[in-house]
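Student: Got work19.txt for you, compact mmCIF, C-alpha atoms:
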```
# COMPACT_ATOMS: atom_id res chain seq x y z
CA MET A 259 27.57 -14.97 -0.56
CA SER A 260 26.62 -12.58 2.27
CA SER A 261 23.00 -11.89 3.18
CA LEU A 262 23.33 -8.38 1.75
CA GLU A 263 24.75 -9.63 -1.55
CA ALA A 264 21.90 -12.14 -1.77
CA ALA A 265 19.38 -9.29 -1.52
CA ALA A 266 20.88 -7.24 -4.37
CA GLY A 267 18.18 -5.97 -6.70
CA ARG A 268 15.45 -6.34 -4.08
CA TRP A 269 13.91 -3.85 -1.67
CA PHE A 270 14.57 -3.16 1.98
CA VAL A 271 12.06 -0.93 3.80
CA VAL A 272 13.21 0.95 6.91
CA LYS A 273 10.75 2.60 9.29
CA ILE A 274 12.02 5.10 11.85
CA GLY A 275 10.01 6.74 14.62
CA GLY A 276 9.87 10.50 14.93
CA GLU A 277 11.75 10.40 18.21
CA LEU A 278 14.83 9.15 16.35
CA ALA A 279 14.96 12.15 13.99
CA MET A 280 15.75 14.72 16.66
CA ASP A 281 19.52 14.13 16.59
CA VAL A 282 20.69 14.57 12.97
CA PRO A 283 24.34 13.46 13.45
CA LYS A 284 23.24 10.32 15.33
CA LEU A 285 20.62 9.53 12.68
CA ALA A 286 23.28 9.91 9.97
CA ALA A 287 25.71 7.64 11.80
CA THR A 288 23.14 4.91 12.43
CA VAL A 289 20.26 4.71 9.97
CA GLY A 290 22.05 6.73 7.30
CA HIS A 291 25.16 4.57 7.57
CA ALA A 292 23.10 1.39 7.24
CA VAL A 293 21.05 2.65 4.28
CA LYS A 294 24.27 3.71 2.52
CA ALA A 295 25.66 0.21 2.96
CA PHE A 296 22.45 -1.31 1.59
CA ILE A 297 22.53 0.95 -1.47
CA ASP A 298 26.21 0.17 -2.07
CA ALA A 299 25.31 -3.54 -2.01
CA GLY A 300 22.81 -3.02 -4.83
CA ILE A 301 19.72 -3.08 -2.61
CA LYS A 302 16.84 -0.68 -3.23
CA VAL A 303 15.73 1.14 -0.07
CA ALA A 304 12.58 3.03 0.91
CA VAL A 305 12.32 4.78 4.28
CA VAL A 306 9.13 5.62 6.19
CA HIS A 307 9.06 7.95 9.19
CA GLY A 308 6.56 9.00 11.80
CA GLY A 309 6.40 12.08 13.98
CA GLY A 310 4.38 11.09 17.03
CA PRO A 311 6.38 12.79 19.81
CA GLN A 312 6.72 16.01 17.84
CA ALA A 313 3.00 16.02 16.98
CA THR A 314 2.03 15.49 20.61
CA ASP A 315 4.33 18.30 21.73
CA LEU A 316 3.03 20.72 19.09
CA SER A 317 -0.58 19.83 19.90
CA LYS A 318 0.07 20.57 23.56
CA ARG A 319 1.59 23.95 22.75
CA LEU A 320 -1.43 24.77 20.58
CA GLY A 321 -3.85 23.74 23.31
CA LEU A 322 -5.16 20.72 21.41
CA VAL A 323 -6.12 17.50 23.17
CA THR A 324 -4.32 14.38 21.90
CA ARG A 325 -6.30 11.16 21.89
CA GLN A 326 -4.90 7.79 20.86
CA VAL A 327 -6.76 4.50 20.66
CA ALA A 328 -4.90 1.24 20.07
CA GLY A 329 -1.78 3.16 19.05
CA GLN A 330 -3.54 5.33 16.44
CA ARG A 331 -4.01 9.09 16.82
CA VAL A 332 -7.63 10.17 16.49
CA THR A 333 -7.39 12.86 13.83
CA ASP A 334 -9.68 15.85 13.37
CA GLU A 335 -8.98 18.78 11.01
CA ALA A 336 -6.77 20.58 13.54
CA THR A 337 -4.79 17.44 14.32
CA LEU A 338 -4.29 16.77 10.62
CA GLU A 339 -2.76 20.25 10.27
CA VAL A 340 -0.44 19.42 13.16
CA MET A 341 0.61 16.20 11.41
CA LYS A 342 1.34 18.06 8.17
CA LEU A 343 3.58 20.55 9.98
CA THR A 344 5.25 17.90 12.10
CA LEU A 345 6.01 15.38 9.38
CA GLY A 346 7.39 18.09 7.12
CA GLY A 347 9.82 19.11 9.84
CA VAL A 348 10.85 15.54 10.59
CA GLY A 349 11.42 14.95 6.89
CA VAL A 350 13.82 17.91 6.74
CA ASN A 351 15.85 16.36 9.57
CA VAL A 352 15.96 12.98 7.84
CA ALA A 353 17.03 14.60 4.56
CA SER A 354 19.82 16.45 6.35
CA ALA A 355 20.98 13.27 8.12
CA PHE A 356 20.98 11.23 4.93
CA ARG A 357 22.93 13.90 3.05
CA LEU A 358 25.48 13.83 5.86
CA ALA A 359 25.69 10.06 5.32
CA GLY A 360 26.38 10.54 1.60
CA LEU A 361 22.90 9.63 0.37
CA THR A 362 20.59 11.30 -2.11
CA ALA A 363 17.20 11.29 -0.40
CA LEU A 364 13.86 12.69 -1.52
CA CYS A 365 11.85 13.42 1.61
CA THR A 366 8.13 13.79 1.03
CA SER A 367 4.86 12.18 2.11
CA GLY A 368 2.61 9.49 0.70
CA VAL A 369 0.43 12.23 -0.79
CA SER A 370 3.11 13.32 -3.29
CA GLY A 371 2.86 11.65 -6.67
CA GLY A 372 0.21 9.32 -5.29
CA LEU A 373 2.95 7.35 -3.54
CA VAL A 374 0.49 6.03 -0.96
CA ASP A 375 -3.28 6.16 -1.42
CA ALA A 376 -5.77 5.53 1.34
CA THR A 377 -9.45 5.57 2.12
CA ARG A 378 -10.98 6.95 5.30
CA ARG A 379 -11.20 4.33 8.02
CA PRO A 380 -14.79 3.59 9.04
CA PRO A 381 -15.74 3.69 12.75
CA VAL A 382 -14.72 0.47 14.45
CA ASP A 383 -15.28 -1.39 17.70
CA VAL A 384 -12.10 -1.31 19.78
CA GLY A 385 -12.39 -3.33 22.95
CA GLY A 386 -16.09 -2.60 23.26
CA GLU A 387 -15.68 1.11 22.50
CA TYR A 388 -17.12 2.47 19.26
CA VAL A 389 -14.33 4.68 17.84
CA ASP A 390 -14.44 7.12 14.94
CA TYR A 391 -10.79 7.83 14.15
CA GLY A 392 -11.68 10.83 12.01
CA LEU A 393 -9.25 11.61 9.19
CA VAL A 394 -7.28 8.39 9.58
CA GLY A 395 -6.70 6.33 6.47
CA ASP A 396 -6.30 2.69 5.56
CA VAL A 397 -3.81 2.11 2.74
CA THR A 398 -5.36 1.03 -0.56
CA HIS A 399 -2.54 1.51 -3.08
CA VAL A 400 1.23 2.02 -3.30
CA ASN A 401 2.77 3.59 -6.42
CA VAL A 402 5.38 0.90 -7.02
CA THR A 403 6.21 2.25 -10.50
CA LEU A 404 7.28 5.63 -9.14
CA LEU A 405 9.29 4.04 -6.33
CA GLU A 406 11.11 1.84 -8.87
CA LYS A 407 11.92 4.92 -10.99
CA LEU A 408 13.41 6.70 -7.98
CA ALA A 409 15.50 3.65 -7.12
CA ALA A 410 16.74 3.44 -10.71
CA VAL A 411 18.40 6.87 -10.34
CA HIS A 412 19.75 5.98 -6.87
CA VAL A 413 17.34 8.21 -4.96
CA VAL A 414 16.13 7.02 -1.57
CA PRO A 415 12.43 7.86 -1.08
CA VAL A 416 11.75 8.99 2.50
CA ILE A 417 8.03 9.02 3.12
CA GLY A 418 6.15 10.72 5.95
CA CYS A 419 3.03 8.86 7.06
CA LEU A 420 0.35 10.87 5.27
CA ALA A 421 -1.66 9.39 2.41
CA GLY A 422 -4.12 10.80 -0.08
CA ASP A 423 -6.70 9.91 -2.70
CA ALA A 424 -7.76 11.01 -6.18
CA ARG A 425 -10.33 13.41 -4.66
CA GLY A 426 -7.58 15.43 -3.00
CA ARG A 427 -8.30 14.24 0.52
CA ILE A 428 -5.45 13.73 2.99
CA PHE A 429 -5.31 11.10 5.72
CA ASN A 430 -3.13 10.41 8.72
CA VAL A 431 -1.84 6.83 8.71
CA ASN A 432 0.16 4.97 11.34
CA ALA A 433 3.82 4.90 10.20
CA ASP A 434 4.19 1.18 10.97
CA THR A 435 1.19 0.52 8.73
CA VAL A 436 2.62 2.59 5.86
CA ALA A 437 5.94 0.75 6.18
CA THR A 438 4.40 -2.72 6.23
CA ARG A 439 2.12 -1.96 3.27
CA LEU A 440 5.07 -0.56 1.29
CA ALA A 441 7.13 -3.64 2.09
CA SER A 442 4.30 -5.92 1.06
CA ARG A 443 3.63 -4.17 -2.27
CA LEU A 444 7.35 -4.06 -3.05
CA SER A 445 7.79 -7.76 -2.11
CA ALA A 446 10.60 -6.54 0.13
CA ALA A 447 13.30 -8.91 1.32
CA ARG A 448 13.47 -7.15 4.69
CA LEU A 449 11.46 -4.68 6.74
CA PHE A 450 13.24 -2.93 9.61
CA LEU A 451 11.13 -1.31 12.33
CA VAL A 452 13.65 0.93 14.07
CA SER A 453 12.83 2.52 17.42
CA ASN A 454 14.30 3.14 20.86
CA VAL A 455 13.40 -0.45 21.83
CA PRO A 456 16.12 -3.06 21.04
CA GLY A 457 13.62 -5.74 20.04
CA VAL A 458 10.97 -7.87 21.71
CA LEU A 459 11.91 -8.23 25.39
CA ARG A 460 10.85 -10.92 27.84
CA ASP A 461 11.19 -8.22 30.51
CA ARG A 462 10.57 -4.75 29.09
CA ASN A 463 12.81 -3.26 31.76
CA ASP A 464 15.75 -5.50 30.86
CA PRO A 465 17.36 -5.03 27.40
CA ALA A 466 19.34 -8.23 28.00
CA SER A 467 16.08 -10.20 27.84
CA ARG A 468 15.77 -9.58 24.08
CA ILE A 469 14.32 -12.47 22.08
CA ALA A 470 16.49 -12.97 19.00
CA THR A 471 14.11 -14.87 16.71
CA LEU A 472 10.40 -15.60 16.66
CA THR A 473 8.29 -17.71 14.33
CA PRO A 474 4.66 -16.66 13.91
CA ARG A 475 3.57 -19.46 16.26
CA GLU A 476 6.09 -18.46 18.93
CA ALA A 477 5.12 -14.79 18.64
CA ARG A 478 1.44 -15.55 19.18
CA GLU A 479 2.34 -17.68 22.20
CA GLN A 480 4.31 -14.75 23.65
CA ILE A 481 1.31 -12.45 23.14
CA ALA A 482 -1.03 -14.97 24.80
CA SER A 483 1.33 -15.39 27.76
CA GLY A 484 1.68 -11.64 28.28
CA VAL A 485 5.39 -11.45 27.44
CA ILE A 486 4.55 -9.25 24.45
CA GLN A 487 2.26 -6.51 25.70
CA GLY A 488 1.15 -2.91 25.34
CA GLY A 489 2.24 -0.98 22.26
CA MET A 490 4.40 -3.88 21.09
CA ILE A 491 1.32 -6.05 20.39
CA PRO A 492 0.03 -4.15 17.33
CA LYS A 493 3.59 -3.87 15.97
CA VAL A 494 4.07 -7.63 16.26
CA GLU A 495 0.62 -8.48 14.90
CA GLU A 496 1.18 -6.19 11.91
CA SER A 497 4.53 -7.89 11.31
CA LEU A 498 3.01 -11.37 11.39
CA ALA A 499 0.30 -10.38 8.93
CA MET A 500 2.89 -9.04 6.48
CA LEU A 501 4.89 -12.28 6.54
CA ASP A 502 1.89 -13.83 4.80
CA GLU A 503 2.08 -11.19 2.06
CA GLY A 504 5.54 -11.89 0.71
CA ILE A 505 8.04 -10.17 3.03
CA ASP A 506 10.90 -12.55 3.78
CA ALA A 507 11.79 -11.22 7.25
CA ILE A 508 10.81 -8.40 9.60
CA HIS A 509 13.23 -6.98 12.15
CA ILE A 510 12.46 -4.93 15.24
CA VAL A 511 15.73 -3.26 16.17
CA GLY A 512 16.85 -0.41 18.39
CA LEU A 513 18.90 2.62 17.43
CA SER A 514 22.34 2.62 18.99
CA PRO A 515 25.55 4.58 18.36
CA ASP A 516 27.14 1.64 16.56
CA SER A 517 26.14 -0.38 13.50
CA SER A 518 23.22 -2.23 15.07
CA ILE A 519 20.96 -2.02 12.01
CA LEU A 520 23.69 -3.13 9.63
CA ASP A 521 24.72 -5.94 11.96
CA GLU A 522 21.10 -7.07 12.25
CA ALA A 523 20.79 -7.09 8.46
CA SER A 524 23.97 -9.13 8.05
CA THR A 525 23.20 -11.54 10.92
CA PRO A 526 19.44 -11.64 11.62
CA GLY A 527 18.61 -11.79 15.31
CA SER A 528 22.04 -10.60 16.41
CA ARG A 529 20.95 -7.10 17.42
CA GLY A 530 17.14 -7.13 17.39
CA THR A 531 14.23 -9.52 17.02
CA VAL A 532 13.60 -11.10 13.63
CA PHE A 533 10.27 -12.59 12.54
CA ALA A 534 10.56 -15.08 9.72
CA ARG A 535 8.40 -17.78 8.23
```
Could you express the structure from this file as structure tokens?

Tutor:
Amino acid sequence: MSSLEAAAGRWFVVKIGGELAMDVPKLAATVGHAVKAFIDAGIKVAVVHGGGPQATDLSKRLGLVTRQVAGQRVTDEATLEVMKLTLGGVGVNVASAFRLAGLTALCTSGVSGGLVDATRRPPVDVGGEYVDYGLVGDVTHVNVTLLEKLAAVHVVPVIGCLAGDARGRIFNVNADTVATRLASRLSAARLFLVSNVPGVLRDRNDPASRIATLTPREAREQIASGVIQGGMIPKVEESLAMLDEGIDAIHIVGLSPDSSILDEASTPGSRGTVFAR
């Protein structure tokens, strides 16, 4: 039995960065192709997307200052409006790409149908700096029932990284966080974090230095030694935390013109970095 056949009936969660949604044909041929193969194998799939590069560009054109702390965008009212506009546009691109790949996708945000609820993040100490992130949310609930109903009619939910609450408030949430929380609540077999980085690299300037597999202990050793650094640290730490919440394996994989995601799913560690217990 192949690894895909073994996952039939379970969930895969795929997170894609906003930078990957700019080229619709490429997105269809890579992520769309892989998701189609997963669906055909009887796997349920949810997709989460960000929109960071587009939001930064739009903010600049509007004369707004972008501030990020520890990988999270500090979000005031104006920045939240930028995120709404940006994520809506990215979602349209993803919907178009998935249709091109032969998929039925419903592109929305976590606010719709209470798919993802959140509460406003309290001010926190980040490296000795007291930071109020503003309208940034921490995920409190995922509407698993609605996601299961969508999967039952072969619809792929594609969720932009906004969340809400019963009081009608809207929050900006890091897309990696939305994806990991979704995967945890769905008891997903796999979580794929897809970006323009081919995995965890021993030398970030050398794609050939990719580390194929990491246990939690090995990953923490790589962080302590400085091999894993910068923006990769929170991604790895989030991944390790989710392994303790029921996800079987988490893959960091790059987007390439061939079937890198599908290959990584079939043979873990062959095209990216896989974290497994």

Student: Could you tell me which of A:Val382, A:Val411, A:Ile519, A:Leu420 comes closest to Val397 (chain A) if we count only C-alpha atoms?

Tutor: A:Leu420

Student: Given only C-alpha atoms as the basis, pick out the residue of A:Leu278, A:Val272, A:Ala336, A:Met500 nearest to Leu513 (chain A).

Tutor: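 The closest residue to Leu513 (chain A) is A:Leu278.
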
Student: Residues within 10 Å of region 401-404 of chain A, please, as a PyMOL selection string. Count all atoms listed in the file; anything in the same chain fewer than 4 positions from it doesn't count.

Tutor: chain A and resi 368+371-375+408-410+415+440+443-444

Student: Take the residues just selected and output them with C-alpha atoms as an mmCIF file, in the coordinates of the input.

Tutor:
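Ended up saving to selection06.cif:
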```cif
data_model
loop_
_atom_site.group_PDB
_atom_site.id
_atom_site.type_symbol
_atom_site.label_atom_id
_atom_site.label_comp_id
_atom_site.auth_asym_id
_atom_site.auth_seq_id
_atom_site.Cartn_x
_atom_site.Cartn_y
_atom_site.Cartn_z
ATOM 1 C CA GLY A 368 2.610 9.490 0.700
ATOM 2 C CA GLY A 371 2.860 11.650 -6.670
ATOM 3 C CA GLY A 372 0.210 9.320 -5.290
ATOM 4 C CA LEU A 373 2.950 7.350 -3.540
ATOM 5 C CA VAL A 374 0.490 6.030 -0.960
ATOM 6 C CA ASP A 375 -3.280 6.160 -1.420
ATOM 7 C CA LEU A 408 13.410 6.700 -7.980
ATOM 8 C CA ALA A 409 15.500 3.650 -7.120
ATOM 9 C CA ALA A 410 16.740 3.440 -10.710
ATOM 10 C CA PRO A 415 12.430 7.860 -1.080
ATOM 11 C CA LEU A 440 5.070 -0.560 1.290
ATOM 12 C CA ARG A 443 3.630 -4.170 -2.270
ATOM 13 C CA LEU A 444 7.350 -4.060 -3.050
#
```

Student: With all atoms listed in the file as the atoms that count, which of A:Ala265, A:Ala363, A:Met280, A:Leu285 lies nearest to Ala446 (chain A)?

Tutor: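 Among A:Ala265, A:Ala363, A:Met280, A:Leu285, it is A:Ala265 that comes nearest to Ala446 (chain A).
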
Student: Please list, as number ranges by chain, the residues that have an atom at most 12 Å away from (9.6, 1.0, 13.7) in the coordinates of this file, counting only C-alpha atoms.

Tutor: A: 271-278, 289, 305-310, 432-438, 449-457, 489-490, 492-494, 496-497, 508-513, 519, 530-531

Student: Those residues you just picked out, can you put them in a file as a PDB file, in the frame of the given file with C-alpha atoms?

Tutor:
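Okay, this is what ended up in out.pdb:
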```
ATOM      1  CA  VAL A 271      12.060  -0.930   3.800  1.00  0.00           C
ATOM      2  CA  VAL A 272      13.210   0.950   6.910  1.00  0.00           C
ATOM      3  CA  LYS A 273      10.750   2.600   9.290  1.00  0.00           C
ATOM      4  CA  ILE A 274      12.020   5.100  11.850  1.00  0.00           C
ATOM      5  CA  GLY A 275      10.010   6.740  14.620  1.00  0.00           C
ATOM      6  CA  GLY A 276       9.870  10.500  14.930  1.00  0.00           C
ATOM      7  CA  GLU A 277      11.750  10.400  18.210  1.00  0.00           C
ATOM      8  CA  LEU A 278      14.830   9.150  16.350  1.00  0.00           C
ATOM      9  CA  VAL A 289      20.260   4.710   9.970  1.00  0.00           C
ATOM     10  CA  VAL A 305      12.320   4.780   4.280  1.00  0.00           C
ATOM     11  CA  VAL A 306       9.130   5.620   6.190  1.00  0.00           C
ATOM     12  CA  HIS A 307       9.060   7.950   9.190  1.00  0.00           C
ATOM     13  CA  GLY A 308       6.560   9.000  11.800  1.00  0.00           C
ATOM     14  CA  GLY A 309       6.400  12.080  13.980  1.00  0.00           C
ATOM     15  CA  GLY A 310       4.380  11.090  17.030  1.00  0.00           C
ATOM     16  CA  ASN A 432       0.160   4.970  11.340  1.00  0.00           C
ATOM     17  CA  ALA A 433       3.820   4.900  10.200  1.00  0.00           C
ATOM     18  CA  ASP A 434       4.190   1.180  10.970  1.00  0.00           C
ATOM     19  CA  THR A 435       1.190   0.520   8.730  1.00  0.00           C
ATOM     20  CA  VAL A 436       2.620   2.590   5.860  1.00  0.00           C
ATOM     21  CA  ALA A 437       5.940   0.750   6.180  1.00  0.00           C
ATOM     22  CA  THR A 438       4.400  -2.720   6.230  1.00  0.00           C
ATOM     23  CA  LEU A 449      11.460  -4.680   6.740  1.00  0.00           C
ATOM     24  CA  PHE A 450      13.240  -2.930   9.610  1.00  0.00           C
ATOM     25  CA  LEU A 451      11.130  -1.310  12.330  1.00  0.00           C
ATOM     26  CA  VAL A 452      13.650   0.930  14.070  1.00  0.00           C
ATOM     27  CA  SER A 453      12.830   2.520  17.420  1.00  0.00           C
ATOM     28  CA  ASN A 454      14.300   3.140  20.860  1.00  0.00           C
ATOM     29  CA  VAL A 455      13.400  -0.450  21.830  1.00  0.00           C
ATOM     30  CA  PRO A 456      16.120  -3.060  21.040  1.00  0.00           C
ATOM     31  CA  GLY A 457      13.620  -5.740  20.040  1.00  0.00           C
ATOM     32  CA  GLY A 489       2.240  -0.980  22.260  1.00  0.00           C
ATOM     33  CA  MET A 490       4.400  -3.880  21.090  1.00  0.00           C
ATOM     34  CA  PRO A 492       0.030  -4.150  17.330  1.00  0.00           C
ATOM     35  CA  LYS A 493       3.590  -3.870  15.970  1.00  0.00           C
ATOM     36  CA  VAL A 494       4.070  -7.630  16.260  1.00  0.00           C
ATOM     37  CA  GLU A 496       1.180  -6.190  11.910  1.00  0.00           C
ATOM     38  CA  SER A 497       4.530  -7.890  11.310  1.00  0.00           C
ATOM     39  CA  ILE A 508      10.810  -8.400   9.600  1.00  0.00           C
ATOM     40  CA  HIS A 509      13.230  -6.980  12.150  1.00  0.00           C
ATOM     41  CA  ILE A 510      12.460  -4.930  15.240  1.00  0.00           C
ATOM     42  CA  VAL A 511      15.730  -3.260  16.170  1.00  0.00           C
ATOM     43  CA  GLY A 512      16.850  -0.410  18.390  1.00  0.00           C
ATOM     44  CA  LEU A 513      18.900   2.620  17.430  1.00  0.00           C
ATOM     45  CA  ILE A 519      20.960  -2.020  12.010  1.00  0.00           C
ATOM     46  CA  GLY A 530      17.140  -7.130  17.390  1.00  0.00           C
ATOM     47  CA  THR A 531      14.230  -9.520  17.020  1.00  0.00           C
TER      48      THR A 531
END
```

Student: Quick one: distance from CA of Asp521 (chain A) to CA of Gly504 (chain A) in Å, one decimal?

Tutor: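 Distance between the two atoms: 23.0 Å.
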
Student: What's around region 323-327 of chain A at 8 Å? Count all atoms listed in the file, leave out sequence neighbours fewer than 6 positions away in its own chain, and write the answer as an MDAnalysis selection string.

Tutor: chainID A and resid 314 317 384

Student: Give the answer as one residue: which of A:Val431, A:Val485, A:Leu498, A:Ala470 has the shortest atom-to-atom distance to Tyr391 (chain A), using all atoms listed in the file?

Tutor: A:Val431

Student: Which residue is closest to Ala447 (chain A)? Choose from A:Ala534, A:Ala482, A:Ser467, A:Gly360 and count all atoms listed in the file.

Tutor: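 Checking each of A:Ala534, A:Ala482, A:Ser467, A:Gly360 against Ala447 (chain A), counting all atoms listed in the file, the winner is A:Ala534.
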
Student: Take CA of Asp502 (chain A) and CA of Phe270 (chain A) and report the distance between them in Å, one decimal.

Tutor: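 These atoms are spaced 16.8 Å apart.
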
Student: Calculated over all atoms listed in the file, which of the candidates A:Ala359, A:Ala353, A:Ile301, A:Leu393 has the smallest distance to Glu339 (chain A)?

Tutor: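 Closest to Glu339 (chain A) of all the choices is A:Leu393.
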
Student: What does the structure give for the distance between CA of Gly300 (chain A) and CA of Trp269 (chain A), in Å to one decimal?

Tutor: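 It comes out at 9.5 Å.
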
Student: Since the input is missing atoms for region 461-480 of chain A, could you rebuild it with N, CA and C atoms and give the result as a CSV table (one decimal), keeping the file's coordinate frame?

Tutor:
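What ended up in result_33.csv:
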```
chain,number,residue,atom,x,y,z
A,461,ASP,N,11.4,-9.2,29.4
A,461,ASP,CA,11.2,-8.2,30.5
A,461,ASP,C,11.5,-6.8,29.9
A,462,ARG,N,10.4,-6.0,29.8
A,462,ARG,CA,10.6,-4.8,29.1
A,462,ARG,C,11.5,-3.8,29.8
A,463,ASN,N,11.9,-4.1,31.0
A,463,ASN,CA,12.8,-3.3,31.8
A,463,ASN,C,14.2,-3.8,31.7
A,464,ASP,N,14.4,-4.9,30.9
A,464,ASP,CA,15.8,-5.5,30.9
A,464,ASP,C,16.1,-5.7,29.4
A,465,PRO,N,17.0,-4.9,28.8
A,465,PRO,CA,17.4,-5.0,27.4
A,465,PRO,C,18.0,-6.4,27.1
A,466,ALA,N,18.7,-6.9,28.2
A,466,ALA,CA,19.3,-8.2,28.0
A,466,ALA,C,18.4,-9.4,27.8
A,467,SER,N,17.1,-9.1,28.0
A,467,SER,CA,16.1,-10.2,27.8
A,467,SER,C,15.5,-10.3,26.4
A,468,ARG,N,16.2,-9.6,25.5
A,468,ARG,CA,15.8,-9.6,24.1
A,468,ARG,C,15.6,-11.0,23.5
A,469,ILE,N,14.5,-11.2,22.8
A,469,ILE,CA,14.3,-12.5,22.1
A,469,ILE,C,14.9,-12.3,20.7
A,470,ALA,N,15.8,-13.2,20.3
A,470,ALA,CA,16.5,-13.0,19.0
A,470,ALA,C,15.6,-13.3,17.8
A,471,THR,N,14.9,-14.4,17.9
A,471,THR,CA,14.1,-14.9,16.7
A,471,THR,C,12.8,-15.4,17.2
A,472,LEU,N,11.7,-15.1,16.3
A,472,LEU,CA,10.4,-15.6,16.7
A,472,LEU,C,9.7,-16.1,15.4
A,473,THR,N,9.2,-17.3,15.4
A,473,THR,CA,8.3,-17.7,14.3
A,473,THR,C,6.9,-17.1,14.6
A,474,PRO,N,6.0,-17.1,13.6
A,474,PRO,CA,4.7,-16.7,13.9
A,474,PRO,C,4.0,-17.4,15.1
A,475,ARG,N,4.2,-18.7,15.2
A,475,ARG,CA,3.6,-19.5,16.3
A,475,ARG,C,4.1,-19.0,17.6
A,476,GLU,N,5.5,-18.9,17.7
A,476,GLU,CA,6.1,-18.5,18.9
A,476,GLU,C,5.7,-17.1,19.3
A,477,ALA,N,5.5,-16.2,18.3
A,477,ALA,CA,5.1,-14.8,18.6
A,477,ALA,C,3.7,-14.8,19.2
A,478,ARG,N,2.8,-15.5,18.7
A,478,ARG,CA,1.4,-15.6,19.2
A,478,ARG,C,1.4,-16.2,20.6
A,479,GLU,N,2.3,-17.1,20.8
A,479,GLU,CA,2.3,-17.7,22.2
A,479,GLU,C,2.8,-16.6,23.2
A,480,GLN,N,3.8,-15.8,22.8
A,480,GLN,CA,4.3,-14.8,23.6
A,480,GLN,C,3.3,-13.7,23.9
```
